[in-house]
$ cat upload04.cif   # mmCIF, C-alpha atoms and all ligand atoms
data_run
#
loop_
_atom_site.label_atom_id
_atom_site.label_comp_id
_atom_site.auth_asym_id
_atom_site.auth_seq_id
_atom_site.Cartn_x
_atom_site.Cartn_y
_atom_site.Cartn_z
CA MET A 1 94.50 -70.49 39.38
CA SER A 2 93.14 -70.71 42.91
CA ALA A 3 95.36 -71.26 45.93
CA SER A 4 94.04 -74.78 46.35
CA ASP A 5 94.66 -75.59 42.68
CA LEU A 6 98.24 -74.40 43.14
CA ASP A 7 98.58 -76.56 46.26
CA ALA A 8 97.31 -79.56 44.30
CA LEU A 9 99.74 -78.87 41.48
CA VAL A 10 102.67 -78.59 43.91
CA GLU A 11 101.62 -81.86 45.56
CA GLY A 12 101.29 -83.57 42.18
CA ILE A 13 104.74 -82.45 41.09
CA ARG A 14 106.33 -83.55 44.37
CA ALA A 15 104.66 -86.94 43.88
CA ALA A 16 106.18 -87.06 40.36
CA ASP A 17 102.75 -87.29 38.78
CA ARG A 18 103.29 -87.03 35.02
CA THR A 19 100.05 -85.16 34.38
CA ALA A 20 100.99 -82.56 37.00
CA LEU A 21 104.48 -82.30 35.50
CA GLY A 22 103.04 -81.74 32.05
CA ARG A 23 100.66 -79.07 33.36
CA ALA A 24 103.39 -77.28 35.25
CA ILE A 25 105.66 -77.23 32.22
CA THR A 26 102.87 -75.89 30.04
CA MET A 27 102.37 -73.21 32.68
CA VAL A 28 106.01 -72.11 32.75
CA GLU A 29 106.06 -72.03 28.96
CA SER A 30 103.03 -69.79 28.72
CA ARG A 31 103.57 -66.16 27.85
CA ALA A 32 100.23 -64.97 29.19
CA PRO A 33 100.85 -62.47 32.02
CA SER A 34 98.41 -64.26 34.34
CA ASP A 35 100.22 -67.58 33.78
CA ARG A 36 103.55 -65.84 34.32
CA ARG A 37 102.50 -64.83 37.80
CA VAL A 38 101.28 -68.32 38.64
CA ALA A 39 104.49 -69.81 37.23
CA ALA A 40 106.63 -67.46 39.34
CA GLU A 41 104.70 -68.47 42.44
CA LEU A 42 104.89 -72.14 41.51
CA VAL A 43 108.66 -71.96 41.04
CA ASP A 44 109.00 -70.14 44.34
CA ARG A 45 107.04 -72.87 46.14
CA LEU A 46 109.00 -75.65 44.44
CA LEU A 47 112.44 -74.14 45.02
CA VAL A 48 112.18 -74.99 48.69
CA GLY A 49 113.79 -78.40 48.88
CA ALA A 50 114.74 -78.45 45.22
CA GLY A 51 118.28 -78.07 43.96
CA GLY A 52 119.42 -81.60 44.69
CA ALA A 53 119.71 -82.59 41.06
CA HIS A 54 122.95 -82.80 39.21
CA ARG A 55 122.50 -80.48 36.21
CA VAL A 56 124.53 -81.34 33.17
CA GLY A 57 124.50 -79.38 29.92
CA ILE A 58 125.33 -81.19 26.70
CA THR A 59 126.07 -79.33 23.50
CA GLY A 60 127.28 -80.31 20.06
CA ALA A 61 126.70 -79.68 16.39
CA PRO A 62 123.74 -81.40 14.70
CA GLY A 63 124.61 -84.99 13.84
CA VAL A 64 127.41 -85.30 16.40
CA GLY A 65 125.35 -87.96 18.17
CA LYS A 66 123.74 -86.06 21.07
CA SER A 67 120.47 -87.95 21.15
CA THR A 68 122.16 -91.35 20.83
CA PHE A 69 124.60 -90.35 23.59
CA ILE A 70 121.89 -89.03 25.92
CA ASP A 71 119.66 -92.07 25.35
CA GLU A 72 122.54 -94.39 26.28
CA LEU A 73 123.94 -92.33 29.15
CA GLY A 74 120.47 -91.69 30.59
CA SER A 75 119.56 -95.37 30.37
CA ARG A 76 122.74 -96.32 32.18
CA LEU A 77 121.87 -93.86 34.94
CA THR A 78 118.31 -95.09 35.37
CA ALA A 79 119.65 -98.66 35.47
CA ARG A 80 121.70 -97.53 38.48
CA GLY A 81 118.57 -96.25 40.18
CA ARG A 82 118.80 -92.59 39.17
CA ARG A 83 115.83 -90.61 37.92
CA VAL A 84 116.74 -88.67 34.82
CA ALA A 85 115.10 -85.70 33.10
CA VAL A 86 116.07 -84.45 29.66
CA ILE A 87 115.27 -80.95 28.51
CA ALA A 88 116.14 -79.31 25.22
CA VAL A 89 117.07 -75.68 24.67
CA ASP A 90 116.43 -74.94 21.05
CA PRO A 91 115.54 -71.38 20.16
CA SER A 92 116.20 -72.22 16.50
CA SER A 93 112.85 -73.98 16.42
CA SER A 94 111.20 -70.57 16.45
CA ILE A 95 113.01 -69.66 13.25
CA SER A 96 112.94 -72.92 11.35
CA GLY A 97 109.46 -73.80 12.58
CA GLY A 98 110.67 -77.33 13.22
CA SER A 99 112.70 -78.44 16.17
CA ILE A 100 115.89 -80.43 15.86
CA LEU A 101 115.89 -81.23 19.55
CA GLY A 102 113.53 -82.52 22.15
CA ASP A 103 111.78 -84.86 19.80
CA ARG A 104 110.89 -87.89 21.89
CA THR A 105 111.54 -90.29 19.03
CA ARG A 106 115.20 -89.27 19.13
CA MET A 107 115.57 -91.02 22.49
CA PRO A 108 113.62 -94.22 22.05
CA ARG A 109 114.68 -95.92 25.28
CA LEU A 110 114.59 -92.97 27.66
CA SER A 111 111.26 -91.71 26.38
CA VAL A 112 109.56 -94.94 27.51
CA ASP A 113 111.66 -95.40 30.64
CA PRO A 114 109.47 -94.94 33.74
CA ALA A 115 112.46 -93.47 35.61
CA ALA A 116 113.00 -90.81 32.95
CA PHE A 117 111.15 -87.76 31.74
CA VAL A 118 111.92 -86.33 28.31
CA ARG A 119 110.47 -82.87 28.04
CA PRO A 120 109.27 -82.07 24.56
CA SER A 121 110.89 -79.00 23.12
CA PRO A 122 108.90 -75.78 23.45
CA SER A 123 107.34 -75.05 20.10
CA SER A 124 108.64 -71.54 19.75
CA GLY A 125 110.31 -68.69 21.48
CA THR A 126 113.13 -66.25 21.59
CA LEU A 127 116.40 -67.25 23.22
CA GLY A 128 115.46 -65.20 26.28
CA GLY A 129 112.05 -66.82 26.49
CA VAL A 130 113.41 -70.32 26.05
CA THR A 131 116.12 -69.66 28.63
CA ARG A 132 113.54 -68.52 31.16
CA THR A 133 111.21 -71.44 30.62
CA THR A 134 114.10 -73.90 30.72
CA ARG A 135 115.32 -72.61 34.07
CA GLU A 136 111.81 -72.84 35.48
CA ALA A 137 111.19 -76.27 33.95
CA MET A 138 114.42 -77.42 35.62
CA VAL A 139 113.07 -76.42 39.02
CA VAL A 140 109.83 -78.31 38.31
CA LEU A 141 111.73 -81.44 37.24
CA GLU A 142 114.02 -81.30 40.27
CA ALA A 143 111.09 -80.88 42.61
CA ALA A 144 109.61 -84.01 41.05
CA GLY A 145 112.63 -85.93 42.32
CA HIS A 146 114.78 -86.23 39.22
CA ASP A 147 118.33 -86.44 40.42
CA VAL A 148 119.99 -85.87 37.08
CA VAL A 149 118.84 -83.20 34.65
CA LEU A 150 120.43 -83.33 31.20
CA ALA A 151 119.99 -80.10 29.27
CA GLU A 152 120.66 -80.52 25.57
CA THR A 153 121.45 -77.75 23.12
CA VAL A 154 122.80 -77.41 19.60
CA GLY A 155 126.20 -75.75 19.60
CA VAL A 156 125.45 -73.36 16.80
CA GLY A 157 124.11 -70.22 18.41
CA GLN A 158 123.98 -68.35 21.67
CA SER A 159 121.93 -71.03 23.36
CA GLU A 160 124.96 -72.94 24.65
CA ILE A 161 126.06 -69.89 26.61
CA ALA A 162 122.62 -69.71 28.19
CA VAL A 163 122.70 -73.41 29.02
CA ALA A 164 126.22 -73.26 30.46
CA ASP A 165 124.86 -70.65 32.88
CA MET A 166 122.15 -72.93 34.25
CA VAL A 167 124.07 -76.16 34.76
CA ASP A 168 126.73 -77.49 37.11
CA PHE A 169 128.70 -79.17 34.38
CA PHE A 170 128.96 -78.33 30.71
CA LEU A 171 129.94 -81.09 28.29
CA VAL A 172 130.86 -80.42 24.68
CA LEU A 173 130.34 -83.35 22.35
CA LEU A 174 132.50 -83.50 19.22
CA GLN A 175 133.18 -85.95 16.46
CA PRO A 176 136.28 -86.88 14.54
CA GLY A 177 136.28 -85.07 11.23
CA ALA A 178 138.54 -84.50 8.29
CA GLY A 179 140.73 -81.43 8.26
CA ASP A 180 140.72 -78.87 11.00
CA GLU A 181 139.44 -80.53 14.13
CA LEU A 182 138.24 -77.28 15.57
CA GLN A 183 136.10 -76.55 12.56
CA GLY A 184 132.47 -75.87 13.27
CA ILE A 185 132.89 -75.38 16.97
CA LYS A 186 133.49 -71.93 18.27
CA LYS A 187 136.35 -71.12 20.57
CA GLY A 188 133.89 -69.51 22.95
CA VAL A 189 132.10 -72.82 23.40
CA LEU A 190 135.35 -74.63 24.19
CA GLU A 191 136.06 -72.03 26.84
CA LEU A 192 132.79 -72.89 28.55
CA ALA A 193 133.49 -76.61 28.57
CA ASP A 194 134.08 -78.64 31.73
CA MET A 195 134.84 -81.61 29.50
CA LEU A 196 135.26 -82.36 25.81
CA VAL A 197 134.11 -85.73 24.56
CA VAL A 198 134.96 -86.98 21.11
CA ASN A 199 132.05 -89.24 20.22
CA LYS A 200 131.76 -92.01 17.61
CA ALA A 201 135.03 -93.58 18.74
CA ASP A 202 134.06 -96.96 17.34
CA GLY A 203 134.98 -99.19 14.39
CA ASP A 204 137.00 -97.41 11.74
CA ASN A 205 136.62 -94.09 13.55
CA THR A 206 138.51 -95.14 16.66
CA ALA A 207 141.96 -93.94 15.64
CA ALA A 208 140.62 -90.68 14.20
CA ALA A 209 138.69 -90.02 17.42
CA ARG A 210 141.82 -90.54 19.53
CA ALA A 211 143.81 -88.23 17.26
CA ALA A 212 141.06 -85.60 17.49
CA ALA A 213 141.08 -85.91 21.28
CA ARG A 214 144.83 -85.19 21.32
CA ASP A 215 144.31 -82.12 19.13
CA TYR A 216 141.56 -80.83 21.39
CA GLN A 217 143.67 -81.44 24.45
CA ALA A 218 146.40 -79.27 22.94
CA ALA A 219 143.88 -76.59 21.94
CA LEU A 220 142.36 -76.53 25.42
CA ARG A 221 145.71 -75.99 27.07
CA LEU A 222 146.06 -72.80 25.04
CA LEU A 223 142.52 -71.63 25.58
CA THR A 224 141.44 -72.23 29.12
CA PRO A 225 142.85 -70.48 32.14
CA VAL A 226 144.20 -72.77 34.83
CA ASP A 227 141.49 -73.48 37.38
CA PRO A 228 142.81 -74.90 40.66
CA ASP A 229 139.62 -76.96 41.09
CA TRP A 230 139.17 -78.44 37.66
CA SER A 231 140.96 -78.74 34.37
CA PRO A 232 138.65 -79.97 31.61
CA PRO A 233 139.53 -83.49 30.49
CA VAL A 234 139.20 -84.70 26.91
CA LEU A 235 137.71 -88.18 26.53
CA THR A 236 136.60 -90.41 23.68
CA CYS A 237 133.45 -92.51 23.69
CA SER A 238 130.81 -94.13 21.53
CA GLY A 239 127.20 -93.33 22.25
CA LEU A 240 126.32 -96.14 19.89
CA THR A 241 128.22 -98.96 21.62
CA GLY A 242 128.33 -97.35 25.05
CA ASP A 243 132.13 -97.61 25.20
CA GLY A 244 133.62 -94.91 27.38
CA LEU A 245 130.31 -93.65 28.75
CA ASP A 246 130.93 -94.86 32.29
CA ALA A 247 134.26 -93.00 32.27
CA VAL A 248 132.44 -89.88 31.07
CA TRP A 249 130.00 -90.06 33.96
CA ASP A 250 132.81 -90.81 36.45
CA GLN A 251 134.44 -87.51 35.48
CA ILE A 252 131.17 -85.64 35.98
CA GLU A 253 130.87 -87.16 39.47
CA LEU A 254 134.52 -86.40 40.21
CA HIS A 255 133.96 -82.76 39.24
CA ARG A 256 131.07 -82.56 41.69
CA ARG A 257 133.13 -84.01 44.54
CA ARG A 258 136.09 -81.72 43.86
CA LEU A 259 133.98 -78.58 43.68
CA THR A 260 131.90 -79.52 46.69
CA GLU A 261 135.09 -79.88 48.72
CA SER A 262 136.55 -76.59 47.52
CA GLY A 263 133.32 -74.62 47.99
CA GLY A 264 133.22 -73.90 44.26
CA TRP A 265 129.98 -75.81 43.84
CA ASP A 266 127.92 -73.57 46.11
CA ARG A 267 129.59 -70.43 44.84
CA HIS A 268 128.80 -71.37 41.26
CA ARG A 269 125.14 -71.95 42.06
CA ARG A 270 124.88 -68.76 44.07
CA ASP A 271 126.28 -66.76 41.16
CA GLN A 272 123.86 -68.46 38.79
CA ARG A 273 120.87 -67.61 40.99
CA MET A 274 121.96 -64.00 41.07
CA ARG A 275 122.28 -63.82 37.27
CA TRP A 276 118.94 -65.58 36.93
CA MET A 277 117.28 -62.89 39.04
CA TRP A 278 118.81 -60.03 37.07
CA SER A 279 118.01 -61.62 33.74
CA MET A 280 114.38 -61.83 34.88
CA VAL A 281 114.43 -58.16 35.84
CA GLU A 282 115.82 -57.28 32.42
CA ALA A 283 113.30 -59.40 30.56
CA GLU A 284 110.38 -58.07 32.58
CA LEU A 285 111.48 -54.45 32.20
CA LEU A 286 111.71 -54.86 28.45
CA GLU A 287 108.29 -56.47 28.40
CA ARG A 288 106.87 -53.52 30.38
CA VAL A 289 108.44 -51.04 28.01
CA ARG A 290 106.90 -52.85 25.05
CA ARG A 291 103.44 -53.03 26.61
CA ASP A 292 103.42 -49.52 28.02
CA PRO A 293 100.81 -47.25 26.38
CA ALA A 294 102.78 -44.04 27.02
CA VAL A 295 105.83 -45.59 25.37
CA GLY A 296 103.59 -46.82 22.56
CA SER A 297 102.39 -43.30 21.90
CA VAL A 298 105.91 -41.96 21.26
CA THR A 299 107.48 -45.04 19.66
CA ALA A 300 106.37 -44.44 16.07
CA ASP A 301 107.68 -40.85 16.02
CA VAL A 302 110.94 -41.74 17.74
CA GLU A 303 111.53 -44.70 15.42
CA ALA A 304 110.80 -42.60 12.35
CA ALA A 305 113.25 -39.94 13.51
CA VAL A 306 115.96 -42.54 14.17
CA ALA A 307 115.32 -44.20 10.81
CA ALA A 308 115.60 -40.83 9.05
CA GLY A 309 118.85 -40.08 10.86
CA GLU A 310 117.33 -37.03 12.53
CA LEU A 311 117.58 -38.34 16.07
CA SER A 312 120.55 -40.19 17.53
CA PRO A 313 119.82 -43.65 18.92
CA PRO A 314 121.11 -42.79 22.41
CA LEU A 315 118.85 -39.74 22.70
CA ALA A 316 115.97 -41.73 21.21
CA ALA A 317 116.44 -44.38 23.90
CA THR A 318 116.16 -41.76 26.64
CA ARG A 319 112.93 -40.42 25.06
CA ILE A 320 111.42 -43.89 25.21
CA LEU A 321 112.52 -44.48 28.80
CA ASP A 322 111.37 -41.01 29.83
CA ALA A 323 107.90 -41.81 28.50
CA LEU A 324 107.84 -44.87 30.77
CA GLU A 325 109.08 -42.96 33.80
CA ASP A 326 106.78 -39.96 33.35
CA GLN A 327 103.87 -42.28 33.39
CA GLY A 328 105.21 -44.21 36.39
CA SER A 329 105.62 -41.02 38.46
CA SER A 330 102.12 -39.76 37.68
CA GLY A 331 100.55 -43.13 38.43
CA PRO A 332 98.68 -44.06 41.61
P1 LIG B 401 122.35 -85.47 17.08
O1 LIG B 401 121.82 -84.72 15.92
O2 LIG B 401 123.55 -84.81 17.65
O3 LIG B 401 121.31 -85.76 18.12
O4 LIG B 401 122.88 -86.89 16.52
P2 LIG B 401 122.17 -88.32 16.51
O5 LIG B 401 122.27 -88.98 17.83
O6 LIG B 401 120.84 -88.21 15.90
O7 LIG B 401 123.16 -89.11 15.53
C1 LIG B 401 123.43 -88.67 14.21
C2 LIG B 401 123.94 -89.84 13.38
O8 LIG B 401 125.17 -90.34 13.93
C3 LIG B 401 122.99 -91.02 13.37
O9 LIG B 401 123.03 -91.59 12.10
C4 LIG B 401 123.56 -91.95 14.40
O10 LIG B 401 123.24 -93.30 14.14
C5 LIG B 401 125.04 -91.70 14.27
N1 LIG B 401 125.73 -91.92 15.55
C6 LIG B 401 125.36 -91.42 16.75
N2 LIG B 401 126.21 -91.81 17.71
C7 LIG B 401 127.15 -92.58 17.12
C8 LIG B 401 128.30 -93.28 17.58
O11 LIG B 401 128.66 -93.28 18.77
N3 LIG B 401 129.03 -93.94 16.65
C9 LIG B 401 128.71 -93.97 15.34
N4 LIG B 401 129.49 -94.65 14.52
N5 LIG B 401 127.62 -93.32 14.86
C10 LIG B 401 126.85 -92.64 15.73
#

$ encode --input "upload04.cif" --output "structure tokens"
Amino acid sequence: MSASDLDALVEGIRAADRTALGRAITMVESRAPSDRRVAAELVDRLLVGAGGAHRVGITGAPGVGKSTFIDELGSRLTARGRRVAVIAVDPSSSISGGSILGDRTRMPRLSVDPAAFVRPSPSSGTLGGVTRTTREAMVVLEAAGHDVVLAETVGVGQSEIAVADMVDFFLVLLQPGAGDELQGIKKGVLELADMLVVNKADGDNTAAARAAARDYQAALRLLTPVDPDWSPPVLTCSGLTGDGLDAVWDQIELHRRRLTESGGWDRHRRDQRMRWMWSMVEAELLERVRRDPAVGSVTADVEAAVAAGELSPPLAATRILDALEDQGSSGP
């Protein structure tokens, strides 16, 4: 891409042009090395002046009501004059071949709302790849003037940990269920939560949802260390009727005010930027190792020796890295 094409793309994104947004997102999702370089430059250009959006991660098991909740919450926000972007983090789509998230039809109102942008889920990718593209897509969406970015993920894998590390606020959506209320949701996910919301608190479910909320409240007290800035509340709501959603958003705003006052907000973002950088270094190094011809020439032998139990994995790893370094030191 020429410098003037990049300028035009940056201009288009800043003007919230949907075609430019689509192109930029395709660019950050591309795995071609030439596109990677353009994407890195694009993100660098866009980062200046970006960062104003409120980034909220939403996780929950399939069927808990995420898309209904996001459609309703997002519509309420756009009705108040906010511009809302929704992105999905769904590495499972690379395994199942079909995505459970990010399908536009799951959010019928937001996907036709001119003040909203629902990013279709990337078709495939590893967790690392999806994490990278999601972070970059977030920068693109913020630069386009979205002031709320909702990042959705299924709470079944490692993806919620990745999402928690790229948002300001991490919301775990639950539903009242029979038996053990903590079933199906890992303790580790609860520890990441800035708020638990028991959804589907409507009709016959209302009492069960309240009871579940009490159980979660008790569980949280045992799990989470006391944070002077914020102790995660447990709320009930109904994405279907909209009951309780304003209270949910009020808490998210309250969290922002509290952390801004304490300095925790900036510190959190600074730490995230630092981890983002190092995760890029790790990913790129691994990619270089995989592509490297000198490494390629020893890999088969080393792997065979490890498979046969003749070479220990730690020593094998140094052989592979030595091949990379030898070549690097003899290079131009
Ligand atoms: P997701 O898989 O987490 O995105 O869940 P969906 O939003 O697709 O909802 C799964 C099912 O639960 C659908 O049949 C919804 O109609 C239903 N549902 C979603 N939200 C609510 C709610 O607040 N109350 C009730 N009673 N049902 C809901």

$ residues_around --input "upload04.cif" --residues "Glu11 (chain A)" --least-positions-apart "5" --cutoff "12 Å" --atoms "all atoms listed in the file" --output "JSON, numbers by chain"
{"A": [4, 5, 6, 16, 17, 18, 19, 20, 21, 24, 42, 45, 46, 140, 143, 144]}

$ atom_distance --input "upload04.cif" --atom1 "CA of Arg319 (chain A)" --atom2 "CA of Asp292 (chain A)"
13.5 Å

$ residues_around --input "upload04.cif" --residues "Ala323 (chain A)" --least-positions-apart "6" --cutoff "12 Å" --atoms "only C-alpha atoms" --output "ChimeraX atom specification"
/A:288-290,292-299,302,316-317,329-330

$ residues_near_ligand --input "upload04.cif" --ligand "ligand LIG 401 (chain B)" --cutoff "7 Å" --atoms "only C-alpha atoms and all ligand atoms" --output "PDB file with C-alpha atoms, in the coordinates of the input"
ATOM      1  CA  GLY A  60     127.280 -80.310  20.060  1.00  0.00           C
ATOM      2  CA  ALA A  61     126.700 -79.680  16.390  1.00  0.00           C
ATOM      3  CA  PRO A  62     123.740 -81.400  14.700  1.00  0.00           C
ATOM      4  CA  GLY A  63     124.610 -84.990  13.840  1.00  0.00           C
ATOM      5  CA  VAL A  64     127.410 -85.300  16.400  1.00  0.00           C
ATOM      6  CA  GLY A  65     125.350 -87.960  18.170  1.00  0.00           C
ATOM      7  CA  LYS A  66     123.740 -86.060  21.070  1.00  0.00           C
ATOM      8  CA  SER A  67     120.470 -87.950  21.150  1.00  0.00           C
ATOM      9  CA  THR A  68     122.160 -91.350  20.830  1.00  0.00           C
ATOM     10  CA  PHE A  69     124.600 -90.350  23.590  1.00  0.00           C
ATOM     11  CA  ARG A 106     115.200 -89.270  19.130  1.00  0.00           C
ATOM     12  CA  ASN A 199     132.050 -89.240  20.220  1.00  0.00           C
ATOM     13  CA  LYS A 200     131.760 -92.010  17.610  1.00  0.00           C
ATOM     14  CA  ALA A 201     135.030 -93.580  18.740  1.00  0.00           C
ATOM     15  CA  ASP A 202     134.060 -96.960  17.340  1.00  0.00           C
ATOM     16  CA  CYS A 237     133.450 -92.510  23.690  1.00  0.00           C
ATOM     17  CA  SER A 238     130.810 -94.130  21.530  1.00  0.00           C
ATOM     18  CA  GLY A 239     127.200 -93.330  22.250  1.00  0.00           C
ATOM     19  CA  LEU A 240     126.320 -96.140  19.890  1.00  0.00           C
ATOM     20  CA  THR A 241     128.220 -98.960  21.620  1.00  0.00           C
TER      21      THR A 241
END

$ residues_around --input "upload04.cif" --residues "Pro114 (chain A)" --least-positions-apart "6" --cutoff "10 Å" --atoms "all atoms listed in the file" --output "list in words"
Thr78, Arg83 and Val84 of chain A

$ atom_distance --input "upload04.cif" --atom1 "CA of Gln251 (chain A)" --atom2 "CA of Trp276 (chain A)"
26.9 Å

$ closest_atom_pairs --input "upload04.cif" --of "region 173-285 of chain A" --to "region 126-139 of chain A" --cutoff "12 Å" --atoms "only C-alpha atoms" --output "Markdown table"
| residue | atom | partner | partner_atom | distance |
| --- | --- | --- | --- | --- |
| A:Gln272 | CA | A:Arg135 | CA | 10.6 |
| A:Arg273 | CA | A:Arg135 | CA | 10.2 |
| A:Arg275 | CA | A:Arg132 | CA | 11.7 |
| A:Trp276 | CA | A:Arg135 | CA | 8.4 |
| A:Met277 | CA | A:Arg132 | CA | 10.4 |
| A:Trp278 | CA | A:Arg132 | CA | 11.6 |
| A:Ser279 | CA | A:Arg132 | CA | 8.6 |
| A:Met280 | CA | A:Arg132 | CA | 7.7 |
| A:Val281 | CA | A:Arg132 | CA | 11.4 |
| A:Glu282 | CA | A:Gly128 | CA | 10.0 |
| A:Ala283 | CA | A:Gly128 | CA | 7.5 |
| A:Glu284 | CA | A:Gly128 | CA | 10.8 |

$ closest_residue --input "upload04.cif" --among "A:Ala39, A:Ile252, A:Val234, A:Val189" --to "Arg23 (chain A)" --atoms "all atoms listed in the file"
A:Ala39

$ closest_residue --input "upload04.cif" --among "A:Asp204, A:Gly145, A:Ala213, A:Leu220" --to "Glu191 (chain A)" --atoms "only C-alpha atoms"
A:Leu220

$ residues_around --input "upload04.cif" --residues "Met195 (chain A)" --least-positions-apart "3" --cutoff "7 Å" --atoms "all atoms listed in the file" --output "list in words"
Phe170, Leu171, Val172, Pro232, Pro233 and Val234 of chain A

$ atom_distance --input "upload04.cif" --atom1 "CA of Val43 (chain A)" --atom2 "CA of Met27 (chain A)"
10.5 Å

$ closest_residue --input "upload04.cif" --among "A:Glu152, A:Asp301, A:Asp322, A:Glu287" --to "Ala164 (chain A)" --atoms "all atoms listed in the file"
A:Glu152

$ residues_around --input "upload04.cif" --residues "Asp250 (chain A)" --least-positions-apart "4" --cutoff "12 Å" --atoms "only C-alpha atoms" --output "list in words"
Leu73, Leu77, Met195, Pro233, Leu235, Gly244, Leu245, Asp246, Leu254, His255, Arg256 and Arg257 of chain A

$ residues_near_point --input "upload04.cif" --point "(126.2, -72.3, 34.7)" --cutoff "9 Å" --atoms "all atoms listed in the file" --output "list in words"
Gly57, Ile161, Ala162, Val163, Ala164, Asp165, Met166, Val167, Asp168, Phe169, Phe170, His268, Arg269, Asp271 and Gln272 of chain A

$ axis_aligned_box --input "upload04.cif" --around "region 204-213 of chain A" --padding-each-side "4 Å" --output "AutoDock Vina command-line options"
--center_x 140.2 --center_y -91.5 --center_z 16.5 --size_x 15.2 --size_y 19.8 --size_z 17.5
